[in-house]
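The structure appears right after this line, and notes come after that.
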Amino acid sequence: MKNEGYFSLIHRNHSLTTVTTMSPSSSCSLPSLSQQHCYPLFHNHPLHFSLSFSTKTSHLLSFSASKEVTLNASDKLLNSFRDWGFSNSHLYTMLEREPWLLSCNPNKRVLPKFEFLLSKGASTSDIVSIVNKTPRFLSPSLENHIIPTYELVHRFLLSDEETVACIIRNTLSFCSSRMVHNIKLLIECGVSDSNIAILLRKWPSILCSIGLLKEVNEVKRLGFNPSKTTFSIALLAKHTVSKSKWDEKIGVFKKWGWNDETILEAFRRQPNCMLVSCDKINVVMNFWVNELGWDVLALVRGPDLFGFSLEKKIIPRAYVLKYLLGKGLMKKDASLITPFRISEILFLQKFVECFEEEETSQLLNIYWEKLNVQDNSDKGCINKVTNDELMRC
């Protein structure tokens with residue numbers, strides 16, 4: 001086995017003594033982290049543990065090989081973390097990934113960041129979660145990065161609660177200086193605050209991407225208004241779908257009779273249609289055209305249907321509509337899209353329960369059969385909700 005240099009920290013009985021590094025050429029052979037069966041070597045005493053770091057990590061500390069270094073401040077650092085709720089396991093992970101912490105002054109580099117988050121409504125468990133998941137959060141300057149970034153994000157999310165939640169969900173994005181740069185870029189490009197808020201809540205990784213300006217300009221060229229909600233979804237589609245996969249989806253739509261113009265129209269109406277899989281597009285198209293016998297171009301006006309559940313929404317409602325059309329109970333030129341967009345309560349009210357008892361009974365049987373409801377208790381539950389809802393209308 002190839003010899004590895006090691007950085008070892010032994011902490012016993014509230015007293016940290018020394019730290020020793022050994023060069024890769026050292027004659028002693030030590031196991032790698034992956035070969036250590038004790039991860040880490042915790043003992044019964046809460047302050048008694050062993051941490052080992054590979055040469056790749058220890059060289060970040062800029063210590064000379066075979067040089068013994070005393071880190072009196074580390075005892076204070078580790079106890080400071082414990083006071084905030086960090087376990088030995090948390091400390092092991094954190095120090096392995098950010099070894100510079102061992103030589104920092106916690107009162108200057110660490111605790112002020114914890115106190116800032118606490119002042120914004122974060123709990124101690126939130127702080128532990130943030131740092132344990134992304135120890136890099138402790139690296140940027142509080143004054144020069146964390147506070148300015150927080151204030152910028154808060155401008156769009158409008159509350160400390162949502163801003164802290166954004167940090168918890170996407171700590172790595174929050175640590176990136178590119179986030180601030182890209183948010184400012186979006187503002188300059190005329191993207192609305194509401195769209196930026198959507199990106200922060202749902203897809204913050206986009207705000208840390210390289211080449212965002214190119215994607216923004218491309219979405220604009222496709223006809224999307226940066227003040228409309230569809231802009232952020234279109235931006236997500238252009239950012240996440242590779243060119244090869246994009247071309248593949250275009251090919252699927254064309255196979256079913258759409259052309260470049262109708263595809264662009266559908267994308268402008270509902271850009272989510274380019275986020276569904278090719279298989280889902282094929283399944284919906286096949287059911288719509290071959291099972292129902294309906295015009296494929298009708299879906300251009302309702303491309304959001306590609307994102308609906310086939311089993312729970314499209315199939316049961318479609319068979320109800322097909323029955324109504326066949327019986328002349330629905331106008332031939334009535335929209336085939338609207339019935340899929342409304343809630344189940346409104347659908348049952350408008351397309352099932354508004355007819356004579358015999359027709360309503362037949363329509364309910366069709367609906368429940370296609371919905372695969374197995375027993376009457378399920379039906380009764382939904383009917384009760386329907387009646388309650390109708391009483392509130």
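In the structure tokens, chains take letters A, B, ... by order of appearance, with residues numbered from 1 within each chain and ligands from 1 in the order shown.
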Contact residues around Glu353 in chain A with only C-alpha atoms at 12 Å, ignoring same-chain residues under 3 positions, as a PyMOL selection string: chain A and resi 320+344-350+356-365+367+383+386-387+390
Given only C-alpha atoms as the counted atoms, nearest of A:Leu78, A:Cys175, A:Ile315, A:Leu235 to His90 in chain A: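 Of the candidates, the smallest distance to His90 in chain A is held by A:Leu78.
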Separation of CA of Val153 in chain A from CA of Leu275 in chain A in Å: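 If I compute the distance from CA of Leu275 in chain A to CA of Val153 in chain A, I get 26.3 Å.
Every protein or nucleic acid residue with an atom no more than 12 Å from Lys280 in chain A, counting only C-alpha atoms and leaving out same-chain residues fewer than 3 positions away, appears here: A:Lys249, A:Val252, A:Phe253, A:Cys273, A:Met274, A:Leu275, A:Val276, A:Ser277, A:Val283, A:Val284, A:Met285, A:Asn286, A:Phe287, A:Leu305, A:Phe306, A:Gly307, A:Phe308, A:Ser309, A:Leu310.
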Excluding range 288-297 of chain A and its own-chain neighbours fewer than 3 positions away, which residues fall within 9 Å of it when counting only C-alpha atoms? Please give them as a CSV table (one decimal) with all heavy atoms, in the first residue's frame.
```csv
chain,number,residue,atom,x,y,z
A,256,TRP,N,-45.9,13.2,-34.4
A,256,TRP,CA,-47.3,13.2,-34.2
A,256,TRP,C,-48.0,14.3,-35.0
A,256,TRP,O,-49.2,14.6,-34.7
A,256,TRP,CB,-47.6,13.4,-32.7
A,256,TRP,CG,-47.3,12.1,-31.9
A,256,TRP,CD1,-46.2,11.8,-31.2
A,256,TRP,CD2,-48.1,10.9,-31.9
A,256,TRP,NE1,-46.3,10.6,-30.7
A,256,TRP,CE2,-47.4,10.0,-31.1
A,256,TRP,CE3,-49.4,10.6,-32.5
A,256,TRP,CZ2,-47.9,8.7,-30.9
A,256,TRP,CZ3,-49.9,9.3,-32.2
A,256,TRP,CH2,-49.1,8.4,-31.4
A,257,GLY,N,-47.3,15.0,-35.9
A,257,GLY,CA,-48.0,16.0,-36.8
A,257,GLY,C,-47.8,17.4,-36.4
A,257,GLY,O,-48.4,18.3,-37.1
A,258,TRP,N,-47.1,17.7,-35.4
A,258,TRP,CA,-46.8,19.1,-35.1
A,258,TRP,C,-45.6,19.6,-36.0
A,258,TRP,O,-44.8,18.8,-36.4
A,258,TRP,CB,-46.4,19.3,-33.7
A,258,TRP,CG,-47.5,19.2,-32.7
A,258,TRP,CD1,-48.8,18.6,-32.9
A,258,TRP,CD2,-47.5,19.6,-31.3
A,258,TRP,NE1,-49.5,18.6,-31.8
A,258,TRP,CE2,-48.8,19.2,-30.8
A,258,TRP,CE3,-46.6,20.2,-30.5
A,258,TRP,CZ2,-49.1,19.5,-29.4
A,258,TRP,CZ3,-46.9,20.4,-29.1
A,258,TRP,CH2,-48.2,20.1,-28.6
A,262,THR,N,-46.1,25.2,-34.6
A,262,THR,CA,-47.0,24.7,-33.5
A,262,THR,C,-46.3,24.3,-32.2
A,262,THR,O,-46.7,24.5,-31.1
A,262,THR,CB,-47.9,23.5,-34.0
A,262,THR,OG1,-47.0,22.5,-34.5
A,262,THR,CG2,-48.9,23.9,-35.0
A,283,VAL,N,-47.0,8.8,-24.9
A,283,VAL,CA,-48.1,8.1,-24.3
A,283,VAL,C,-49.4,9.0,-24.4
A,283,VAL,O,-50.5,8.6,-24.7
A,283,VAL,CB,-47.8,7.8,-22.8
A,283,VAL,CG1,-49.1,7.4,-22.1
A,283,VAL,CG2,-46.8,6.7,-22.7
A,284,VAL,N,-49.2,10.3,-24.0
A,284,VAL,CA,-50.4,11.2,-24.1
A,284,VAL,C,-50.9,11.4,-25.5
A,284,VAL,O,-52.1,11.4,-25.8
A,284,VAL,CB,-50.0,12.6,-23.5
A,284,VAL,CG1,-51.1,13.6,-23.7
A,284,VAL,CG2,-49.7,12.5,-22.0
A,285,MET,N,-49.9,11.6,-26.5
A,285,MET,CA,-50.3,11.7,-27.9
A,285,MET,C,-51.0,10.5,-28.4
A,285,MET,O,-52.1,10.6,-29.1
A,285,MET,CB,-49.1,11.9,-28.7
A,285,MET,CG,-48.5,13.3,-28.6
A,285,MET,SD,-49.5,14.6,-29.4
A,285,MET,CE,-48.2,15.9,-29.6
A,300,VAL,N,-52.1,21.6,-28.8
A,300,VAL,CA,-51.2,22.8,-28.9
A,300,VAL,C,-51.7,23.9,-28.0
A,300,VAL,O,-51.0,24.7,-27.4
A,300,VAL,CB,-51.2,23.3,-30.4
A,300,VAL,CG1,-50.4,24.6,-30.5
A,300,VAL,CG2,-50.5,22.3,-31.3
A,301,ARG,N,-53.1,24.0,-27.8
A,301,ARG,CA,-53.7,25.0,-27.0
A,301,ARG,C,-53.7,24.6,-25.5
A,301,ARG,O,-54.0,25.4,-24.6
A,301,ARG,CB,-55.1,25.2,-27.4
A,301,ARG,CG,-55.2,25.8,-28.8
A,301,ARG,CD,-56.7,26.2,-29.2
A,301,ARG,NE,-57.5,25.0,-29.4
A,301,ARG,CZ,-57.6,24.2,-30.5
A,301,ARG,NH1,-56.9,24.6,-31.5
A,301,ARG,NH2,-58.4,23.2,-30.5
A,318,ALA,N,-61.2,12.2,-19.8
A,318,ALA,CA,-61.4,12.1,-21.2
A,318,ALA,C,-62.6,11.2,-21.6
A,318,ALA,O,-63.3,11.5,-22.6
A,318,ALA,CB,-60.1,11.6,-21.9
A,319,TYR,N,-62.7,10.1,-20.9
A,319,TYR,CA,-63.8,9.2,-21.2
A,319,TYR,C,-65.2,9.7,-20.9
A,319,TYR,O,-66.2,9.5,-21.5
A,319,TYR,CB,-63.6,7.8,-20.5
A,319,TYR,CG,-62.7,6.9,-21.3
A,319,TYR,CD1,-61.4,6.6,-20.9
A,319,TYR,CD2,-63.1,6.4,-22.5
A,319,TYR,CE1,-60.6,5.8,-21.6
A,319,TYR,CE2,-62.3,5.6,-23.3
A,319,TYR,CZ,-61.0,5.3,-22.8
A,319,TYR,OH,-60.2,4.5,-23.6
A,322,LYS,N,-65.8,12.1,-23.8
A,322,LYS,CA,-66.1,11.3,-25.0
A,322,LYS,C,-67.6,10.8,-25.0
A,322,LYS,O,-68.3,10.8,-26.0
A,322,LYS,CB,-65.2,10.1,-25.1
A,322,LYS,CG,-65.3,9.3,-26.4
A,322,LYS,CD,-64.3,8.2,-26.5
A,322,LYS,CE,-64.4,7.5,-27.8
A,322,LYS,NZ,-63.4,6.4,-27.9
```
Exercise: Pro226 in chain A partners within 8 Å, only C-alpha atoms, chain neighbours under 6 positions left out, as a list in words: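 Returned residues: Cys189, Gly190, Val191, Ser192, Asn195, Lys220 and Ser232 of chain A.
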Secondary structure check, helix (DSSP H, G or I) residues of range 213-335 of chain A, as a ChimeraX atom specification: /A:213-221,229-240,243-255,260-269,271-274,278-291,296-301,303-307,310-326
Length of the CA of Glu96 in chain A to CA of Val128 in chain A vector [Å]: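 These atoms are spaced 16.1 Å apart.
Neighbours of Ser194 in chain A closer than or equal to 10 Å, with only C-alpha atoms counted and sequence neighbours fewer than 2 positions away skipped, come out as A:Phe156, A:Leu157, A:Val191, A:Ser192, A:Ile196, A:Ala197, A:Ile198, A:Leu199, A:Leu200, A:Pro226, A:Ser227, A:Lys228, A:Thr229, A:Ser232.
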